[in-house]
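Below is the file upload-v1.cif, which contains mmCIF, C-alpha atoms.
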data_target
loop_
_atom_site.group_PDB
_atom_site.id
_atom_site.type_symbol
_atom_site.label_atom_id
_atom_site.label_comp_id
_atom_site.auth_asym_id
_atom_site.auth_seq_id
_atom_site.Cartn_x
_atom_site.Cartn_y
_atom_site.Cartn_z
ATOM 1 C CA MET A 787 -53.928 58.425 129.475
ATOM 2 C CA ASN A 788 -50.773 58.481 131.628
ATOM 3 C CA LYS A 789 -52.880 58.721 134.757
ATOM 4 C CA ILE A 790 -54.883 55.615 133.849
ATOM 5 C CA ILE A 791 -51.748 53.618 133.028
ATOM 6 C CA LEU A 792 -50.073 54.666 136.292
ATOM 7 C CA THR A 793 -53.201 53.754 138.252
ATOM 8 C CA ALA A 794 -53.363 50.354 136.558
ATOM 9 C CA ALA A 795 -49.647 49.779 137.210
ATOM 10 C CA LEU A 796 -50.060 50.662 140.903
ATOM 11 C CA ALA A 797 -53.066 48.353 141.209
ATOM 12 C CA LEU A 798 -51.110 45.515 139.604
ATOM 13 C CA ALA A 799 -48.090 46.156 141.859
ATOM 14 C CA ALA A 800 -50.319 46.204 144.950
ATOM 15 C CA SER A 801 -52.020 42.952 143.993
ATOM 16 C CA LEU A 802 -48.659 41.283 143.391
ATOM 17 C CA SER A 803 -47.190 42.486 146.670
ATOM 18 C CA PHE A 804 -50.151 41.198 148.707
ATOM 19 C CA SER A 805 -50.737 37.957 146.812
ATOM 20 C CA GLY A 806 -48.678 35.870 149.255
ATOM 21 C CA CYS A 807 -50.271 37.363 152.371
ATOM 22 C CA ALA A 808 -53.610 35.568 152.519
ATOM 23 C CA ASN A 809 -53.674 35.669 156.320
ATOM 24 C CA ASP A 810 -52.625 39.308 156.745
ATOM 25 C CA TRP A 811 -55.012 42.122 157.578
ATOM 26 C CA THR A 812 -56.569 43.803 154.562
ATOM 27 C CA ILE A 813 -57.985 47.264 154.130
ATOM 28 C CA LYS A 814 -60.727 46.347 151.658
ATOM 29 C CA ASP A 815 -63.375 43.786 152.655
ATOM 30 C CA VAL A 816 -61.874 43.529 156.181
ATOM 31 C CA PRO A 817 -62.144 39.806 156.993
ATOM 32 C CA PRO A 818 -62.543 38.575 160.561
ATOM 33 C CA ILE A 819 -59.238 39.165 162.341
ATOM 34 C CA ALA A 820 -58.132 36.748 165.014
ATOM 35 C CA GLU A 821 -57.965 38.235 168.514
ATOM 36 C CA LYS A 822 -54.318 37.235 168.591
ATOM 37 C CA ALA A 823 -52.678 37.515 165.192
ATOM 38 C CA ASP A 824 -49.388 35.876 166.173
ATOM 39 C CA GLY A 825 -47.740 34.219 163.195
ATOM 40 C CA PHE A 826 -48.834 36.193 160.132
ATOM 41 C CA GLY A 827 -48.671 39.919 159.624
ATOM 42 C CA TYR A 828 -47.221 42.503 161.949
ATOM 43 C CA ALA A 829 -46.449 46.219 161.981
ATOM 44 C CA SER A 830 -42.830 47.188 161.366
ATOM 45 C CA GLY A 831 -40.764 50.181 160.282
ATOM 46 C CA PHE A 832 -41.055 52.427 163.343
ATOM 47 C CA ASP A 833 -37.478 53.701 163.021
ATOM 48 C CA THR A 834 -38.346 57.088 161.488
ATOM 49 C CA GLU A 835 -39.824 59.965 163.479
ATOM 50 C CA ALA A 836 -43.087 60.140 161.525
ATOM 51 C CA SER A 837 -43.819 56.404 161.560
ATOM 52 C CA GLY A 838 -46.472 54.778 163.695
ATOM 53 C CA VAL A 839 -49.658 52.761 163.675
ATOM 54 C CA ILE A 840 -53.019 53.876 165.055
ATOM 55 C CA ILE A 841 -55.300 51.233 166.542
ATOM 56 C CA PRO A 842 -58.834 52.089 167.699
ATOM 57 C CA VAL A 843 -59.869 50.492 170.987
ATOM 58 C CA GLU A 844 -63.155 50.673 172.864
ATOM 59 C CA VAL A 845 -63.707 50.443 176.608
ATOM 60 C CA THR A 846 -67.038 50.634 178.413
ATOM 61 C CA ALA A 847 -65.842 52.716 181.368
ATOM 62 C CA ALA A 848 -63.189 55.378 181.830
ATOM 63 C CA GLY A 849 -60.200 54.219 183.850
ATOM 64 C CA THR A 850 -56.603 53.063 183.843
ATOM 65 C CA TYR A 851 -56.073 50.035 181.621
ATOM 66 C CA ASN A 852 -53.202 47.656 180.996
ATOM 67 C CA ILE A 853 -52.152 47.753 177.355
ATOM 68 C CA VAL A 854 -50.304 44.552 176.461
ATOM 69 C CA LEU A 855 -48.066 44.984 173.424
ATOM 70 C CA HIS A 856 -46.948 41.733 171.778
ATOM 71 C CA GLY A 857 -43.787 42.521 169.842
ATOM 72 C CA ARG A 858 -40.063 42.110 169.477
ATOM 73 C CA ALA A 859 -36.864 44.085 169.000
ATOM 74 C CA THR A 860 -35.468 44.092 165.455
ATOM 75 C CA GLN A 861 -31.712 44.304 166.123
ATOM 76 C CA ASP A 862 -29.619 41.838 168.114
ATOM 77 C CA GLY A 863 -28.164 43.400 171.249
ATOM 78 C CA THR A 864 -30.298 46.550 171.035
ATOM 79 C CA PRO A 865 -33.632 46.828 172.863
ATOM 80 C CA GLY A 866 -36.446 48.147 170.671
ATOM 81 C CA THR A 867 -37.954 51.202 172.346
ATOM 82 C CA GLY A 868 -41.031 53.278 171.566
ATOM 83 C CA ALA A 869 -44.204 54.791 172.974
ATOM 84 C CA VAL A 870 -47.939 54.253 172.939
ATOM 85 C CA SER A 871 -50.163 57.294 173.339
ATOM 86 C CA VAL A 872 -53.812 58.312 173.361
ATOM 87 C CA ALA A 873 -55.252 61.257 171.440
ATOM 88 C CA ASP A 874 -55.555 63.364 174.624
ATOM 89 C CA GLY A 875 -51.786 63.233 175.134
ATOM 90 C CA ALA A 876 -51.383 60.461 177.732
ATOM 91 C CA SER A 877 -48.345 58.400 176.798
ATOM 92 C CA ALA A 878 -46.285 55.465 178.081
ATOM 93 C CA ASP A 879 -42.847 54.277 176.951
ATOM 94 C CA PHE A 880 -42.050 50.612 176.335
ATOM 95 C CA SER A 881 -39.051 48.436 175.499
ATOM 96 C CA PHE A 882 -38.680 45.011 173.897
ATOM 97 C CA ALA A 883 -35.459 43.400 175.128
ATOM 98 C CA LYS A 884 -34.894 40.565 172.643
ATOM 99 C CA ALA A 885 -34.644 40.504 168.857
ATOM 100 C CA GLY A 886 -36.463 37.743 167.017
ATOM 101 C CA ALA A 887 -38.430 36.486 170.045
ATOM 102 C CA TRP A 888 -42.037 37.644 170.406
ATOM 103 C CA GLN A 889 -42.697 38.894 173.930
ATOM 104 C CA ASP A 890 -45.323 40.806 175.900
ATOM 105 C CA VAL A 891 -44.716 44.245 177.391
ATOM 106 C CA THR A 892 -47.419 45.882 179.514
ATOM 107 C CA VAL A 893 -47.954 49.619 179.968
ATOM 108 C CA GLN A 894 -50.757 51.471 181.749
ATOM 109 C CA LEU A 895 -52.800 54.241 180.161
ATOM 110 C CA ALA A 896 -55.871 56.164 181.273
ATOM 111 C CA LEU A 897 -58.614 55.714 178.675
ATOM 112 C CA PRO A 898 -61.941 57.553 178.473
ATOM 113 C CA ALA A 899 -65.158 55.574 178.008
ATOM 114 C CA GLY A 900 -65.866 54.813 174.360
ATOM 115 C CA VAL A 901 -63.483 54.604 171.433
ATOM 116 C CA SER A 902 -59.906 55.876 171.724
ATOM 117 C CA GLN A 903 -57.127 55.936 169.156
ATOM 118 C CA LEU A 904 -53.934 54.281 170.438
ATOM 119 C CA ASP A 905 -50.877 55.518 168.553
ATOM 120 C CA ILE A 906 -47.888 53.159 168.690
ATOM 121 C CA ASN A 907 -44.802 55.022 167.520
ATOM 122 C CA ARG A 908 -41.116 55.683 167.975
ATOM 123 C CA GLY A 909 -41.686 58.433 170.547
ATOM 124 C CA SER A 910 -38.325 59.345 172.099
ATOM 125 C CA GLY A 911 -37.089 55.756 171.566
ATOM 126 C CA ASN A 912 -35.207 54.168 168.668
ATOM 127 C CA GLY A 913 -38.185 52.529 166.918
ATOM 128 C CA LEU A 914 -36.312 49.248 166.465
ATOM 129 C CA PHE A 915 -39.329 47.003 167.140
ATOM 130 C CA ASP A 916 -42.184 45.114 165.484
ATOM 131 C CA ILE A 917 -45.744 44.909 166.862
ATOM 132 C CA ASP A 918 -47.790 41.770 166.303
ATOM 133 C CA TYR A 919 -50.924 42.621 168.310
ATOM 134 C CA ILE A 920 -52.166 44.470 171.388
ATOM 135 C CA GLU A 921 -54.617 43.604 174.152
ATOM 136 C CA VAL A 922 -56.477 46.013 176.431
ATOM 137 C CA LYS A 923 -57.146 44.608 179.916
#

Encoded form (structure tokens):
Amino acid sequence: MNKIILTAALALAASLSFSGCANDWTIKDVPPIAEKADGFGYASGFDTEASGVIIPVEVTAAGTYNIVLHGRATQDGTPGTGAVSVADGASADFSFAKAGAWQDVTVQLALPAGVSQLDINRGSGNGLFDIDYIEVK
């Protein structure tokens, strides 16, 4: 009985915490997501070593691609630094200079043809950044 009550309590807490986020990404029923999600919903909390977000991307041909990260620093006077990497180990560091102002930072990564998992994380940086969206060019 305790398990059922705990499950119901967690479900209620989850529904309450997401009730005001109608335009955010969802896990269940994945609605169409705008190509550029600027304005509502972003990834945050990269300041611990184990934190990160994995985003699948697909390219038709292997090659070096520009990865545009749209984000911002989270602390005034301190650039937000991190890394983006691919499953095979290729990695590139990035830095967002300004807190509170969304900006684009471009890094280059070699991607194989097909689907790759981009891991945006703290890396050797401080993790003091938010990510709104990425573009692969």

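Between A:Ile840 and the candidates A:Ser881, A:Thr860, A:Ser902, A:Gln894, the tightest atom-to-atom separation, counting all atoms listed in the file, involves A:Ser902.
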
Report as number ranges by chain the residues that result from applying the PyMOL selection byres ((chain A and resi 844) around 10) to the structure here. A: 842-843, 845-847, 897-903, 922

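Computed from the coordinates, the atom CA of A:Val854 to atom CA of A:Lys923 distance equals 7.7 Å.
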
Tell me which residues come within 9 Å of (-28.2, 46.2, 171.4), as number ranges by chain, counting all atoms listed in the file in the file's coordinates. A: 861-866, 883-885

Can you turn the PyMOL selection byres ((chain A and resi 914) around 12) into a concrete residue list for this file, as a PyMOL selection string? chain A and resi 829-835+837-838+857-869+880-886+907-913+915-917

Counting all atoms listed in the file, the residue of A:Ile920, A:Leu904, A:Val891, A:Leu855 that sits nearest A:Asp874: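 Closest residue, counting all atoms listed in the file: A:Leu904.
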
Pairwise distance for atom CA of A:Ile906 and atom CA of A:Ile841, rounded to one decimal in Å: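 Between atom CA of A:Ile906 and atom CA of A:Ile841 the gap is 8.0 Å.
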
Could you tell me how far atom CA of A:Val872 lies from atom CA of A:Val893, in Å and to one decimal? 12.4 Å

Using only C-alpha atoms, pick whichever of A:Ala873, A:Asp905, A:Gln889, A:Ile853 has the shortest atom-to-atom distance to A:Ala836.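 Closest candidate: A:Asp905.
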
Write out as JSON an axis-aligned box for stretch 899-916 of chain A: all of its atoms listed in the file, 4 Å added on each side, centre and edge lengths in Å with one decimal.
{"center_x": -50.5, "center_y": 52.2, "center_z": 171.7, "size_x": 38.7, "size_y": 22.2, "size_z": 20.5}
